[in-house]
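Participant: Dropping a structure here in structure tokens format, bear with me for questions.
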Amino acid sequence: MADLRVDHEILIKNLQDMINSLEYDSMRSAGKAKMNAQVLLAMLQLKEHYESQVNKAAPKAAKK
């Protein structure tokens with residue numbers, strides 16, 4: 001199986017773009033806000049998770 005490298009910076013940017021789109025969509029209708037709430041929460045948690053991974057990896061790379 002091929003070694004797959006994930007660029008976390010791009011992943012975080014894409015998550016932020018999706019969050020912004022869902023928030024804009026939710027502003028237009030209360031029903032959509034209710035529908036998008038769980039998805040938004042999950043995406044925000046994922047974004048925080050990947051941001052913490054990037055922040056942990058940066059100091060280790062600087063020490064070398």
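Letters for chains follow the order of the structure tokens (A, B, ...), residue numbers begin at 1 for each chain, and ligand numbers begin at 1 in the order shown.
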Could you give me, as a PDB file with N, CA and C atoms, in the first residue's frame, the residues within 12 Å of Asp7 (chain A), counting only C-alpha atoms and dropping anything in the same chain fewer than 3 positions from it?

Facilitator:
```
ATOM      1  N   LEU A   4       0.731   7.337   2.246  1.00  0.00           N
ATOM      2  CA  LEU A   4      -0.065   8.528   1.991  1.00  0.00           C
ATOM      3  C   LEU A   4       0.280   9.597   3.016  1.00  0.00           C
ATOM      4  N   ILE A  10      -3.548  22.159   4.619  1.00  0.00           N
ATOM      5  CA  ILE A  10      -4.595  22.172   3.593  1.00  0.00           C
ATOM      6  C   ILE A  10      -5.885  21.576   4.145  1.00  0.00           C
ATOM      7  N   LEU A  11      -5.756  20.530   4.938  1.00  0.00           N
ATOM      8  CA  LEU A  11      -6.922  19.903   5.547  1.00  0.00           C
ATOM      9  C   LEU A  11      -7.661  20.889   6.457  1.00  0.00           C
ATOM     10  N   ILE A  12      -6.908  21.633   7.255  1.00  0.00           N
ATOM     11  CA  ILE A  12      -7.511  22.631   8.148  1.00  0.00           C
ATOM     12  C   ILE A  12      -8.193  23.731   7.338  1.00  0.00           C
ATOM     13  N   LYS A  13      -7.548  24.176   6.260  1.00  0.00           N
ATOM     14  CA  LYS A  13      -8.140  25.216   5.411  1.00  0.00           C
ATOM     15  C   LYS A  13      -9.439  24.723   4.775  1.00  0.00           C
ATOM     16  N   ASN A  14      -9.450  23.477   4.294  1.00  0.00           N
ATOM     17  CA  ASN A  14     -10.657  22.920   3.682  1.00  0.00           C
ATOM     18  C   ASN A  14     -11.780  22.764   4.707  1.00  0.00           C
ATOM     19  N   TYR A  50      -6.901  18.617  14.430  1.00  0.00           N
ATOM     20  CA  TYR A  50      -5.797  18.736  13.472  1.00  0.00           C
ATOM     21  C   TYR A  50      -4.911  19.941  13.773  1.00  0.00           C
ATOM     22  N   GLU A  51      -5.492  21.020  14.282  1.00  0.00           N
ATOM     23  CA  GLU A  51      -4.681  22.180  14.670  1.00  0.00           C
ATOM     24  C   GLU A  51      -3.757  21.826  15.831  1.00  0.00           C
ATOM     25  N   GLN A  53      -2.524  18.862  16.398  1.00  0.00           N
ATOM     26  CA  GLN A  53      -1.479  18.010  15.838  1.00  0.00           C
ATOM     27  C   GLN A  53      -0.415  18.840  15.139  1.00  0.00           C
ATOM     28  N   VAL A  54      -0.832  19.867  14.421  1.00  0.00           N
ATOM     29  CA  VAL A  54       0.123  20.736  13.732  1.00  0.00           C
ATOM     30  C   VAL A  54       0.966  21.488  14.756  1.00  0.00           C
TER      31      VAL A  54
END
```

Participant: My list of candidates is A:Leu46, A:His8, A:Ala2, A:Ala37. Which is closest to Glu23 (chain A) when distances are computed with only C-alpha atoms?

Facilitator: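 Closest to Glu23 (chain A), using only C-alpha atoms: A:Ala37.
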
Participant: Could you tell me how far CA of Met43 (chain A) sits from CA of Arg28 (chain A), in Å to one decimal place?

Facilitator: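 These atoms are spaced 19.7 Å apart.
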
Participant: From the options A:Leu40, A:Glu48, A:Asn55, A:Lys34, which residue's atoms come nearest to Leu22 (chain A), counting only C-alpha atoms?

Facilitator: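 Among the listed residues, the smallest separation from Leu22 (chain A) belongs to A:Leu40.
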